[in-house]
Structure formats: structure tokens, C-alpha cells
>>> print(open('data-v2.cif').read())   # mmCIF, C-alpha atoms
data_upload
#
loop_
_atom_site.group_PDB
_atom_site.id
_atom_site.type_symbol
_atom_site.label_atom_id
_atom_site.label_comp_id
_atom_site.auth_asym_id
_atom_site.auth_seq_id
_atom_site.Cartn_x
_atom_site.Cartn_y
_atom_site.Cartn_z
ATOM 1 C CA TRP A 2 -39.597 -32.886 -27.905
ATOM 2 C CA SER A 3 -42.738 -32.242 -29.918
ATOM 3 C CA GLY A 4 -44.342 -33.855 -32.935
ATOM 4 C CA CYS A 5 -44.898 -31.977 -36.164
ATOM 5 C CA GLY A 6 -46.887 -34.376 -38.374
ATOM 6 C CA ALA A 7 -45.109 -35.484 -41.505
ATOM 7 C CA GLY A 8 -42.020 -33.565 -40.475
ATOM 8 C CA GLY A 9 -41.282 -36.028 -37.632
ATOM 9 C CA TRP A 10 -40.103 -34.976 -34.200
ATOM 10 C CA ARG A 11 -38.682 -31.571 -33.482
ATOM 11 C CA MET A 12 -36.714 -30.471 -30.421
ATOM 12 C CA SER A 13 -38.488 -27.956 -28.220
ATOM 13 C CA PRO A 14 -36.778 -24.621 -27.442
ATOM 14 C CA GLY A 15 -36.398 -25.604 -23.791
ATOM 15 C CA ALA A 16 -34.662 -28.894 -24.591
ATOM 16 C CA ARG A 17 -32.436 -27.113 -27.109
ATOM 17 C CA ASP A 18 -31.374 -24.634 -24.427
ATOM 18 C CA VAL A 19 -30.592 -27.472 -22.032
ATOM 19 C CA LEU A 20 -28.427 -29.273 -24.578
ATOM 20 C CA ARG A 21 -26.681 -26.041 -25.473
ATOM 21 C CA GLY A 22 -25.926 -25.441 -21.796
ATOM 22 C CA VAL A 23 -24.620 -28.992 -21.343
ATOM 23 C CA ALA A 24 -22.403 -28.526 -24.385
ATOM 24 C CA TRP A 25 -20.908 -25.352 -22.923
ATOM 25 C CA ILE A 26 -20.072 -26.988 -19.570
ATOM 26 C CA SER A 27 -19.077 -30.343 -21.057
ATOM 27 C CA PRO A 28 -15.309 -29.643 -20.751
ATOM 28 C CA TRP A 29 -15.787 -29.093 -17.015
ATOM 29 C CA LEU A 30 -18.024 -32.172 -16.721
ATOM 30 C CA VAL A 31 -15.446 -34.337 -18.494
ATOM 31 C CA GLY A 32 -12.629 -32.924 -16.380
ATOM 32 C CA PHE A 33 -14.606 -33.463 -13.177
ATOM 33 C CA ALA A 34 -15.463 -37.051 -14.128
ATOM 34 C CA VAL A 35 -11.904 -37.941 -15.174
ATOM 35 C CA PHE A 36 -9.828 -36.090 -12.586
ATOM 36 C CA THR A 37 -12.122 -35.905 -9.521
ATOM 37 C CA LEU A 38 -15.054 -38.315 -9.519
ATOM 38 C CA GLY A 39 -13.176 -41.194 -11.143
ATOM 39 C CA PRO A 40 -10.159 -41.117 -8.786
ATOM 40 C CA ALA A 41 -12.488 -40.720 -5.776
ATOM 41 C CA VAL A 42 -14.464 -43.820 -6.708
ATOM 42 C CA LEU A 43 -11.255 -45.747 -7.454
ATOM 43 C CA SER A 44 -9.731 -44.769 -4.111
ATOM 44 C CA ALA A 45 -12.900 -45.905 -2.331
ATOM 45 C CA VAL A 46 -12.593 -49.319 -3.999
ATOM 46 C CA LEU A 47 -8.858 -49.570 -3.293
ATOM 47 C CA SER A 48 -9.442 -48.782 0.380
ATOM 48 C CA PHE A 49 -10.840 -52.320 0.646
ATOM 49 C CA CYS A 50 -7.825 -53.832 -1.121
ATOM 50 C CA ASP A 51 -4.202 -54.676 -0.429
ATOM 51 C CA TYR A 52 -2.539 -52.727 -3.218
ATOM 52 C CA GLY A 53 1.100 -51.749 -3.555
ATOM 53 C CA LEU A 54 1.125 -49.787 -6.845
ATOM 54 C CA LEU A 55 3.238 -52.360 -8.705
ATOM 55 C CA ASP A 56 1.161 -55.419 -7.744
ATOM 56 C CA SER A 57 -2.378 -56.422 -8.499
ATOM 57 C CA ALA A 58 -4.998 -55.304 -6.002
ATOM 58 C CA VAL A 59 -6.201 -58.023 -3.636
ATOM 59 C CA TRP A 60 -9.585 -57.632 -1.928
ATOM 60 C CA VAL A 61 -9.204 -57.671 1.869
ATOM 61 C CA GLY A 62 -12.541 -56.211 2.931
ATOM 62 C CA LEU A 63 -12.403 -54.074 6.069
ATOM 63 C CA ASP A 64 -8.882 -55.139 7.077
ATOM 64 C CA ASN A 65 -7.378 -51.743 6.240
ATOM 65 C CA TYR A 66 -9.956 -49.970 8.399
ATOM 66 C CA ARG A 67 -9.458 -52.417 11.262
ATOM 67 C CA GLU A 68 -5.718 -51.816 11.117
ATOM 68 C CA LEU A 69 -6.240 -48.080 11.681
ATOM 69 C CA TRP A 70 -7.313 -48.524 15.275
ATOM 70 C CA GLY A 71 -4.204 -50.485 16.131
ATOM 71 C CA ASP A 72 -1.808 -48.153 14.304
ATOM 72 C CA PRO A 73 -0.018 -45.899 16.842
ATOM 73 C CA MET A 74 1.179 -43.516 14.120
ATOM 74 C CA PHE A 75 -2.427 -43.030 13.018
ATOM 75 C CA ARG A 76 -3.256 -41.733 16.485
ATOM 76 C CA VAL A 77 -0.163 -39.492 16.495
ATOM 77 C CA ALA A 78 -1.043 -38.014 13.093
ATOM 78 C CA LEU A 79 -4.665 -37.530 14.113
ATOM 79 C CA ARG A 80 -3.713 -35.785 17.360
ATOM 80 C CA ASN A 81 -1.160 -33.534 15.673
ATOM 81 C CA THR A 82 -3.640 -32.583 12.960
ATOM 82 C CA LEU A 83 -6.337 -31.686 15.480
ATOM 83 C CA VAL A 84 -3.854 -29.622 17.498
ATOM 84 C CA TYR A 85 -2.656 -27.806 14.391
ATOM 85 C CA ALA A 86 -6.189 -27.186 13.087
ATOM 86 C CA SER A 87 -7.454 -25.908 16.439
ATOM 87 C CA ALA A 88 -4.485 -23.648 17.125
ATOM 88 C CA SER A 89 -4.242 -22.244 13.594
ATOM 89 C CA ALA A 90 -8.004 -21.606 13.431
ATOM 90 C CA VAL A 91 -8.020 -19.707 16.737
ATOM 91 C CA LEU A 92 -4.855 -17.744 15.944
ATOM 92 C CA GLY A 93 -6.022 -17.014 12.410
ATOM 93 C CA ALA A 94 -9.422 -15.805 13.625
ATOM 94 C CA ALA A 95 -7.839 -13.487 16.211
ATOM 95 C CA VAL A 96 -5.288 -12.018 13.784
ATOM 96 C CA THR A 97 -7.857 -11.703 10.993
ATOM 97 C CA LEU A 98 -10.334 -9.898 13.215
ATOM 98 C CA GLY A 99 -7.688 -7.531 14.564
ATOM 99 C CA VAL A 100 -6.284 -6.665 11.138
ATOM 100 C CA ALA A 101 -9.750 -6.228 9.588
ATOM 101 C CA LEU A 102 -10.853 -3.880 12.369
ATOM 102 C CA LEU A 103 -7.722 -1.756 11.955
ATOM 103 C CA LEU A 104 -8.092 -1.579 8.183
ATOM 104 C CA GLU A 105 -11.745 -0.518 8.416
ATOM 105 C CA ARG A 106 -11.048 2.465 10.677
ATOM 106 C CA GLY A 107 -10.530 4.682 7.652
ATOM 107 C CA LEU A 108 -6.809 5.227 8.206
ATOM 108 C CA LYS A 109 -4.643 6.630 5.436
ATOM 109 C CA GLY A 110 -2.927 3.986 3.344
ATOM 110 C CA ALA A 111 -5.455 1.294 4.312
ATOM 111 C CA ALA A 112 -5.852 0.221 0.684
ATOM 112 C CA LEU A 113 -2.092 -0.306 0.332
ATOM 113 C CA VAL A 114 -1.927 -2.240 3.603
ATOM 114 C CA ARG A 115 -4.874 -4.368 2.487
ATOM 115 C CA ALA A 116 -3.007 -5.240 -0.718
ATOM 116 C CA ILE A 117 0.147 -6.101 1.257
ATOM 117 C CA VAL A 118 -1.856 -8.312 3.614
ATOM 118 C CA PHE A 119 -3.383 -10.153 0.654
ATOM 119 C CA LEU A 120 -0.064 -10.563 -1.182
ATOM 120 C CA PRO A 121 1.163 -13.661 0.746
ATOM 121 C CA THR A 122 -1.818 -15.662 -0.523
ATOM 122 C CA LEU A 123 -0.371 -15.316 -4.035
ATOM 123 C CA VAL A 124 3.018 -16.791 -3.067
ATOM 124 C CA PRO A 125 3.404 -20.495 -4.005
ATOM 125 C CA VAL A 126 3.482 -22.819 -1.006
ATOM 126 C CA VAL A 127 6.941 -24.173 -1.784
ATOM 127 C CA SER A 128 8.459 -20.698 -2.088
ATOM 128 C CA ALA A 129 6.797 -19.584 1.140
ATOM 129 C CA CYS A 130 8.062 -22.668 2.987
ATOM 130 C CA VAL A 131 11.626 -22.105 1.790
ATOM 131 C CA CYS A 132 11.528 -18.485 2.972
ATOM 132 C CA TRP A 133 10.137 -19.480 6.364
ATOM 133 C CA MET A 134 12.784 -22.181 6.717
ATOM 134 C CA TRP A 135 15.454 -19.490 6.388
ATOM 135 C CA LEU A 136 13.647 -17.159 8.759
ATOM 136 C CA LEU A 137 13.338 -19.897 11.392
ATOM 137 C CA ASN A 138 16.794 -21.411 10.905
ATOM 138 C CA GLY A 139 18.226 -22.110 14.348
ATOM 139 C CA ARG A 140 21.715 -20.765 13.554
ATOM 140 C CA PHE A 141 21.378 -18.201 10.786
ATOM 141 C CA GLY A 142 17.680 -17.310 10.742
ATOM 142 C CA LEU A 143 16.521 -13.714 10.884
ATOM 143 C CA VAL A 144 14.158 -14.436 13.785
ATOM 144 C CA ASN A 145 16.970 -15.665 16.024
ATOM 145 C CA GLN A 146 19.229 -12.818 14.921
ATOM 146 C CA VAL A 147 16.609 -10.293 16.036
ATOM 147 C CA LEU A 148 16.214 -12.151 19.332
ATOM 148 C CA GLY A 149 19.998 -12.135 19.697
ATOM 149 C CA TRP A 150 20.058 -8.341 19.391
ATOM 150 C CA ALA A 151 17.665 -8.282 22.360
ATOM 151 C CA GLY A 152 19.915 -10.604 24.346
ATOM 152 C CA VAL A 153 17.671 -13.662 23.929
ATOM 153 C CA GLU A 154 18.989 -16.938 22.587
ATOM 154 C CA GLY A 155 16.437 -18.290 20.136
ATOM 155 C CA PRO A 156 15.681 -22.011 19.935
ATOM 156 C CA ASN A 157 15.955 -24.319 16.963
ATOM 157 C CA TRP A 158 12.425 -23.578 15.822
ATOM 158 C CA LEU A 159 11.999 -26.404 13.329
ATOM 159 C CA GLY A 160 14.498 -28.843 14.805
ATOM 160 C CA ASP A 161 13.142 -28.938 18.361
ATOM 161 C CA ALA A 162 10.027 -31.003 19.048
ATOM 162 C CA ARG A 163 8.871 -28.427 21.593
ATOM 163 C CA TRP A 164 8.802 -25.586 19.065
ATOM 164 C CA ALA A 165 8.203 -27.183 15.648
ATOM 165 C CA MET A 166 4.406 -27.386 15.755
ATOM 166 C CA GLY A 167 4.085 -23.897 17.199
ATOM 167 C CA SER A 168 6.280 -22.562 14.409
ATOM 168 C CA LEU A 169 4.007 -24.082 11.764
ATOM 169 C CA VAL A 170 0.948 -22.648 13.502
ATOM 170 C CA VAL A 171 2.471 -19.157 13.519
ATOM 171 C CA MET A 172 3.353 -19.542 9.857
ATOM 172 C CA SER A 173 -0.287 -20.411 9.073
ATOM 173 C CA ALA A 174 -1.359 -16.941 10.229
ATOM 174 C CA TRP A 175 0.738 -15.443 7.426
ATOM 175 C CA THR A 176 -1.882 -16.125 4.730
ATOM 176 C CA ILE A 177 -4.882 -14.271 6.114
ATOM 177 C CA GLY A 178 -5.488 -12.051 3.089
ATOM 178 C CA GLY A 179 -8.666 -13.785 1.929
ATOM 179 C CA PRO A 180 -10.326 -13.951 5.374
ATOM 180 C CA VAL A 181 -9.409 -10.297 6.004
ATOM 181 C CA LEU A 182 -11.191 -9.250 2.802
ATOM 182 C CA VAL A 183 -14.294 -11.264 3.750
ATOM 183 C CA LEU A 184 -14.385 -9.885 7.278
ATOM 184 C CA GLY A 185 -13.646 -6.346 6.125
ATOM 185 C CA ALA A 186 -16.621 -6.474 3.750
ATOM 186 C CA ALA A 187 -18.820 -7.668 6.628
ATOM 187 C CA ILE A 188 -17.631 -4.845 8.886
ATOM 188 C CA ARG A 189 -18.367 -2.242 6.219
ATOM 189 C CA ASN A 190 -21.871 -3.702 5.888
ATOM 190 C CA VAL A 191 -22.792 -3.115 9.545
ATOM 191 C CA PRO A 192 -25.564 -0.470 9.623
ATOM 192 C CA ARG A 193 -24.346 2.849 10.981
ATOM 193 C CA ALA A 194 -27.633 3.252 12.840
ATOM 194 C CA LEU A 195 -26.600 0.484 15.213
ATOM 195 C CA TYR A 196 -23.385 2.301 16.122
ATOM 196 C CA GLU A 197 -25.338 5.520 16.634
ATOM 197 C CA ALA A 198 -27.762 3.707 18.932
ATOM 198 C CA ALA A 199 -24.842 2.211 20.844
ATOM 199 C CA ASP A 200 -23.314 5.684 21.258
ATOM 200 C CA LEU A 201 -26.587 7.001 22.647
ATOM 201 C CA ASP A 202 -26.608 4.133 25.170
ATOM 202 C CA GLY A 203 -23.061 5.027 26.203
ATOM 203 C CA ALA A 204 -21.502 1.874 24.714
ATOM 204 C CA THR A 205 -17.950 2.520 23.548
ATOM 205 C CA GLY A 206 -14.821 0.534 22.844
ATOM 206 C CA LEU A 207 -15.000 -3.169 23.670
ATOM 207 C CA ARG A 208 -18.613 -2.917 24.797
ATOM 208 C CA ARG A 209 -19.715 -1.544 21.428
ATOM 209 C CA PHE A 210 -17.610 -4.165 19.661
ATOM 210 C CA GLY A 211 -19.212 -7.000 21.646
ATOM 211 C CA ALA A 212 -22.765 -5.689 21.353
ATOM 212 C CA VAL A 213 -22.795 -4.478 17.740
ATOM 213 C CA THR A 214 -19.797 -5.369 15.585
ATOM 214 C CA LEU A 215 -19.183 -8.980 16.586
ATOM 215 C CA PRO A 216 -22.818 -10.163 16.337
ATOM 216 C CA MET A 217 -23.267 -8.472 12.953
ATOM 217 C CA VAL A 218 -20.090 -9.976 11.457
ATOM 218 C CA SER A 219 -20.526 -13.381 13.104
ATOM 219 C CA PRO A 220 -21.652 -15.061 9.823
ATOM 220 C CA ALA A 221 -18.369 -13.973 8.212
ATOM 221 C CA VAL A 222 -16.440 -15.160 11.262
ATOM 222 C CA LEU A 223 -18.174 -18.544 11.022
ATOM 223 C CA PHE A 224 -17.416 -18.810 7.301
ATOM 224 C CA ASN A 225 -13.748 -17.978 7.842
ATOM 225 C CA GLY A 226 -13.567 -20.386 10.765
ATOM 226 C CA VAL A 227 -15.099 -23.305 8.874
ATOM 227 C CA MET A 228 -12.863 -22.741 5.853
ATOM 228 C CA SER A 229 -9.813 -22.395 8.104
ATOM 229 C CA VAL A 230 -10.586 -25.689 9.863
ATOM 230 C CA ILE A 231 -11.125 -27.507 6.556
ATOM 231 C CA TRP A 232 -7.847 -26.261 5.088
ATOM 232 C CA SER A 233 -5.959 -26.867 8.338
ATOM 233 C CA LEU A 234 -7.137 -30.463 8.502
ATOM 234 C CA GLN A 235 -5.702 -30.942 5.004
ATOM 235 C CA VAL A 236 -2.375 -29.220 5.671
ATOM 236 C CA PHE A 237 0.453 -30.914 3.805
ATOM 237 C CA GLY A 238 2.979 -28.531 2.237
ATOM 238 C CA PRO A 239 4.546 -26.812 5.271
ATOM 239 C CA PRO A 240 5.080 -29.906 7.456
ATOM 240 C CA PHE A 241 6.206 -32.008 4.498
ATOM 241 C CA ILE A 242 8.653 -29.448 3.124
ATOM 242 C CA MET A 243 9.895 -27.878 6.347
ATOM 243 C CA THR A 244 10.048 -30.750 8.845
ATOM 244 C CA LYS A 245 9.197 -34.012 7.010
ATOM 245 C CA GLY A 246 6.873 -34.762 9.919
ATOM 246 C CA GLY A 247 9.641 -34.455 12.523
ATOM 247 C CA PRO A 248 11.355 -33.916 14.784
ATOM 248 C CA GLU A 249 10.254 -36.950 16.777
ATOM 249 C CA ASN A 250 6.956 -36.991 14.851
ATOM 250 C CA ALA A 251 6.026 -33.659 16.436
ATOM 251 C CA THR A 252 4.648 -32.392 13.098
ATOM 252 C CA GLN A 253 3.523 -35.701 11.642
ATOM 253 C CA VAL A 254 0.130 -34.575 10.388
ATOM 254 C CA TYR A 255 -2.514 -36.702 8.738
ATOM 255 C CA ALA A 256 -1.928 -35.731 5.100
ATOM 256 C CA VAL A 257 1.808 -36.396 5.389
ATOM 257 C CA TYR A 258 1.099 -39.828 6.872
ATOM 258 C CA VAL A 259 -1.256 -40.629 3.971
ATOM 259 C CA TYR A 260 1.459 -39.613 1.504
ATOM 260 C CA GLN A 261 4.088 -41.705 3.270
ATOM 261 C CA ASN A 262 1.933 -44.826 3.209
ATOM 262 C CA ALA A 263 1.067 -44.357 -0.460
ATOM 263 C CA PHE A 264 4.420 -43.379 -1.980
ATOM 264 C CA VAL A 265 7.092 -44.221 0.600
ATOM 265 C CA TYR A 266 5.840 -47.474 2.129
ATOM 266 C CA GLY A 267 4.006 -48.539 -1.038
ATOM 267 C CA ARG A 268 0.726 -49.247 0.773
ATOM 268 C CA MET A 269 -1.758 -47.544 -1.522
ATOM 269 C CA GLY A 270 -4.764 -49.488 -0.235
ATOM 270 C CA TYR A 271 -4.053 -48.531 3.360
ATOM 271 C CA ALA A 272 -3.440 -44.927 2.289
ATOM 272 C CA CYS A 273 -6.838 -44.847 0.553
ATOM 273 C CA ALA A 274 -8.485 -46.075 3.748
ATOM 274 C CA LEU A 275 -6.707 -43.332 5.678
ATOM 275 C CA ALA A 276 -7.829 -40.765 3.123
ATOM 276 C CA TRP A 277 -11.494 -41.775 3.330
ATOM 277 C CA VAL A 278 -11.448 -41.666 7.119
ATOM 278 C CA HIS A 279 -9.971 -38.180 6.731
ATOM 279 C CA VAL A 280 -12.744 -37.118 4.353
ATOM 280 C CA LEU A 281 -15.518 -38.438 6.589
ATOM 281 C CA ALA A 282 -13.998 -36.941 9.739
ATOM 282 C CA THR A 283 -13.660 -33.547 8.024
ATOM 283 C CA LEU A 284 -17.278 -33.754 6.847
ATOM 284 C CA VAL A 285 -18.564 -34.615 10.327
ATOM 285 C CA LEU A 286 -16.515 -31.862 11.959
ATOM 286 C CA THR A 287 -17.661 -29.300 9.390
ATOM 287 C CA LEU A 288 -21.311 -30.236 9.865
ATOM 288 C CA GLY A 289 -20.805 -29.998 13.625
ATOM 289 C CA LEU A 290 -19.359 -26.499 13.313
ATOM 290 C CA LEU A 291 -22.240 -25.417 11.096
ATOM 291 C CA TRP A 292 -24.736 -26.898 13.564
ATOM 292 C CA VAL A 293 -23.153 -24.950 16.420
ATOM 293 C CA GLY A 294 -22.925 -21.856 14.224
ATOM 294 C CA ARG A 295 -26.663 -21.857 13.561
ATOM 295 C CA ARG A 296 -27.212 -21.433 17.287
ATOM 296 C CA VAL A 297 -24.642 -18.756 18.043
ATOM 297 C CA VAL A 298 -24.415 -16.776 14.806
ATOM 298 C CA TYR A 299 -26.682 -13.798 14.276
ATOM 299 C CA ALA A 300 -28.847 -14.047 11.144
ATOM 300 C CA ARG A 301 -30.551 -10.924 9.888
ATOM 301 C CA GLY A 302 -34.263 -11.216 9.590
ATOM 302 C CA ALA A 303 -34.379 -14.249 11.901
#
>>> encode(input="data-v2.cif", output="C-alpha cells")
Amino acid sequence: WSGCGAGGWRMSPGARDVLRGVAWISPWLVGFAVFTLGPAVLSAVLSFCDYGLLDSAVWVGLDNYRELWGDPMFRVALRNTLVYASASAVLGAAVTLGVALLLERGLKGAALVRAIVFLPTLVPVVSACVCWMWLLNGRFGLVNQVLGWAGVEGPNWLGDARWAMGSLVVMSAWTIGGPVLVLGAAIRNVPRALYEAADLDGATGLRRFGAVTLPMVSPAVLFNGVMSVIWSLQVFGPPFIMTKGGPENATQVYAVYVYQNAFVYGRMGYACALAWVHVLATLVLTLGLLWVGRRVVYARGA
């Protein structure tokens, strides 16, 4: 703001630009405040209350958080979630790296294959889960029919506690389109001079991959890995739709347990406490992965 004598105060060009910018993003700011920030703050408050949706909230302090450590289902959900996140992240990284390397070899039809690989990410979660339920059906599923043609009797993939979690992990590797695009871009960005130097040193095959390709694409691998872990820790749709957390709680993951406490058992306060523990644990784990990544990931110019 600046003074202009008898004319009073006049807005400076810089302040006018700031207000204009705020006006343009105001719909997003309002939406963020109403639908994200507001509910987050409310859930933090309710995590210290005994609240059952239809009753008034009663302040109970840290009782909800104390109850977590004595809740056996909390430990089951936490263990299952960590198993799922670890297995899906490792499997997804391996499949993503393999597919990206094949697509970047300059083979004919690579663009079409890349589009096909990306296509599953556009399928709604519910539709994908229904299709996978039919594929993995113990009696009529296509997977068991193919195994039957080979003389192998397939198990009840989603109805057997020994196979249910593994089935969900395998399904998670279906949506690798985004990570493949990220990793493919990183592979194309590796300087050709490094490959030429490796050839002169006699490095071929796996040796060249380990000495040149993997270090140069390690930032992309770290990014994909961190995002995969974050999304895996929040997994909800597949276990909720396909197994309801069963059989025998074999797929009872954290997000499903939060939902059950909130909308099945009517314990919204306890569910909010569970959710905030989930948020903090995900934040700590993500920061830990980034801390490790800074020490093992190659950074150009470092």
C-alpha cells in the first residue's frame, strides 16, 4: 500500500498481484479448508473423545490411545498391513524395473505395450476388484481353470487364509503403469557415454546394469518405492471388497479396521485415534525411507 496525498491510500502493483492470485486459487483454498483441513482437525479432536456418531462426544483424554496397545486386532491389522506393504513394494519394484527395461530396448510395438501397461491404472478400483474376484474364484475362476489344464488343482485363492494375502499382493502388481512411465523416463535419460565407457571396460549384461543403469535410475526407483509404500499402507479397496478382511483375519489391514470401528462398531473416536496413529506411522516410515535413500541413491552433481 502507498499513500498518494489527498487521494488517500492506493494499492501497490505487487499487492494487487497477490490479491489477484489469491482470488484465482480461492476455490481450491476453500475446498481444502472445508474438505481436508477441517475434517483433519475435527478427527484429531475426536480422537480424544468417546464418540459414537449418534451421541454427543465425551472427552476421555488419552484413553483411546491407551486402548490401542491392548487391542489384539490392532496388532493383527498392523502386522498384516506391514506384510502387504513390504511384499507389494518389493514385487512392484521388481516387475516395474523388468517391464521398464524391456520397453526401453527399442523393440517394435513398445509404445502400444506401454499404453496397455498403463491402462489398468485407469480402471476403477471396484471394477478391478470384481474382475479379480472372478479370476481368483476357487471353483470357476480362470486362474484355476488354466492350472487345471496343466493338471494342477488350484486352491481357493481368496477363501484360504494361506493364499488370501498373497493373492492381494499379486493383484497390487497389476497397476504399475505410472511407475513404469517414471522409470522408463529415467532409463532414457541415462547418458549414452556411460554405456560406451562400460562397453570399453568389457562390462555387459548384468554387470553393466549394476554399474551404470541401476545407479543412474536409483532416484526414480526411490520415488516409486516411497510412493508404493505410502499407497500400500493405505490399502482399503481390494481387501474390503474381495475378502472383507478375512478369511480368519488374514487380510485384515489397517484401513479396513479403521472403517469397521467407525461405521460398523460405531466407535468414531477410537477410529480417529487409529487413523492418527496410521498417519504418524506412515510419516515416520516415509521419512526413514528418504533418510536411507539419501545414503544409497546416486545424485548427479553430488
>>> residues_around(input="data-v2.cif", residues="Asp56 (chain A)", least_positions_apart="4", cutoff="12 Å", atoms="all atoms listed in the file", output="ChimeraX atom specification")
/A:50-52,267-270
>>> resolve_selection(input="data-v2.cif", expression="the PyMOL selection byres ((chain A and resi 220) around 10)", output="number ranges by chain")
A: 184, 187, 215-219, 221-226, 294-295, 297-301
>>> residues_around(input="data-v2.cif", residues="Ala78 (chain A)", least_positions_apart="2", cutoff="10 Å", atoms="only C-alpha atoms", output="MDAnalysis selection string")
chainID A and resid 73:76 80:84 246 250:259
>>> atom_distance(input="data-v2.cif", atom1="CA of Val61 (chain A)", atom2="CA of Val236 (chain A)")
29.5 Å
>>> residues_around(input="data-v2.cif", residues="Ser87 (chain A)", least_positions_apart="2", cutoff="12 Å", atoms="all atoms listed in the file", output="list in words")
Arg80, Asn81, Thr82, Leu83, Val84, Tyr85, Ser89, Ala90, Val91, Leu92, Gly93, Ala94, Met166, Gly167, Val170, Ser173, Gly226, Val227, Ser229, Val230, Ile231, Trp232, Ser233, Leu234 and Leu286 of chain A
>>> closest_residue(input="data-v2.cif", among="A:Met243, A:Leu69, A:Ala186, A:Ala88", to="Trp135 (chain A)", atoms="all atoms listed in the file")
A:Met243
>>> residues_around(input="data-v2.cif", residues="Thr244 (chain A)", least_positions_apart="4", cutoff="9 Å", atoms="all atoms listed in the file", output="list of chain:residue names")
A:Leu159, A:Gly160, A:Ala165, A:Pro239, A:Pro240, A:Pro248, A:Thr252, A:Gln253
>>> write_last_selection(input="data-v2.cif", atoms="C-alpha atoms", output="CSV table (one decimal), in the coordinates of the input")
chain,number,residue,atom,x,y,z
A,159,LEU,CA,12.0,-26.4,13.3
A,160,GLY,CA,14.5,-28.8,14.8
A,165,ALA,CA,8.2,-27.2,15.6
A,239,PRO,CA,4.5,-26.8,5.3
A,240,PRO,CA,5.1,-29.9,7.5
A,248,PRO,CA,11.4,-33.9,14.8
A,252,THR,CA,4.6,-32.4,13.1
A,253,GLN,CA,3.5,-35.7,11.6
>>> closest_residue(input="data-v2.cif", among="A:Leu30, A:Ile188, A:Ala282, A:Ala129", to="Leu79 (chain A)", atoms="all atoms listed in the file")
A:Ala282
>>> residues_around(input="data-v2.cif", residues="Ser44 (chain A)", least_positions_apart="5", cutoff="10 Å", atoms="all atoms listed in the file", output="number ranges by chain")
A: 38-39, 49-50, 269-270, 272-274, 276-277
>>> closest_residue(input="data-v2.cif", among="A:Val127, A:Ala162, A:Leu108, A:Ala95", to="Ala174 (chain A)", atoms="all atoms listed in the file")
A:Ala95
>>> closest_residue(input="data-v2.cif", among="A:Val96, A:Val171, A:Val213, A:Gly179", to="Val191 (chain A)", atoms="all atoms listed in the file")
A:Val213
>>> closest_residue(input="data-v2.cif", among="A:Ala41, A:Thr283, A:Arg163, A:Gly178", to="Leu123 (chain A)", atoms="all atoms listed in the file")
A:Gly178
>>> atom_distance(input="data-v2.cif", atom1="CA of Leu143 (chain A)", atom2="CA of Ala116 (chain A)")
24.2 Å
>>> axis_aligned_box(input="data-v2.cif", around="region 122-136 of chain A", padding_each_side="6 Å", output="JSON")
{"center_x": 6.8, "center_y": -19.7, "center_z": 2.4, "size_x": 29.3, "size_y": 20.9, "size_z": 24.8}
>>> atom_distance(input="data-v2.cif", atom1="CA of Val153 (chain A)", atom2="CA of Gly139 (chain A)")
12.8 Å
>>> resolve_selection(input="data-v2.cif", expression="the PyMOL selection byres ((chain A and resi 114) around 12)", output="JSON, numbers by chain")
{"A": [100, 101, 103, 104, 105, 107, 108, 109, 110, 111, 112, 113, 115, 116, 117, 118, 119, 120, 178, 181, 182]}
>>> decode(input="data-v2.cif", residues="region 75-111 of chain A", atoms="C-alpha atoms", output="compact mmCIF listing (two decimals), in the first residue's frame")
# COMPACT_ATOMS: atom_id res chain seq x y z
CA PHE A 75 -4.85 -53.59 16.24
CA ARG A 76 -1.70 -55.69 16.27
CA VAL A 77 -3.15 -58.08 13.66
CA ALA A 78 -4.12 -55.21 11.35
CA LEU A 79 -0.74 -53.54 11.82
CA ARG A 80 1.16 -56.76 11.06
CA ASN A 81 -0.95 -57.55 8.00
CA THR A 82 -0.52 -54.02 6.67
CA LEU A 83 3.26 -54.12 7.08
CA VAL A 84 3.41 -57.53 5.37
CA TYR A 85 1.26 -56.32 2.50
CA ALA A 86 3.19 -53.05 2.09
CA SER A 87 6.58 -54.77 2.17
CA ALA A 88 5.64 -57.57 -0.22
CA SER A 89 3.77 -55.35 -2.69
CA ALA A 90 6.57 -52.76 -2.71
CA VAL A 91 9.25 -55.38 -3.43
CA LEU A 92 7.15 -57.20 -6.04
CA GLY A 93 6.06 -53.94 -7.65
CA ALA A 94 9.65 -52.66 -7.83
CA ALA A 95 10.88 -55.89 -9.44
CA VAL A 96 8.06 -56.05 -12.00
CA THR A 97 8.29 -52.33 -12.75
CA LEU A 98 12.03 -52.47 -13.32
CA GLY A 99 11.76 -55.54 -15.55
CA VAL A 100 8.94 -54.12 -17.67
CA ALA A 101 10.61 -50.70 -18.00
CA LEU A 102 13.89 -52.26 -19.13
CA LEU A 103 12.11 -54.35 -21.76
CA LEU A 104 10.12 -51.39 -23.06
CA GLU A 105 13.23 -49.21 -23.37
CA ARG A 106 15.12 -51.69 -25.56
CA GLY A 107 13.64 -50.13 -28.67
CA LEU A 108 11.50 -53.12 -29.62
CA LYS A 109 8.72 -52.76 -32.17
CA GLY A 110 5.33 -52.09 -30.65
CA ALA A 111 6.83 -50.74 -27.41
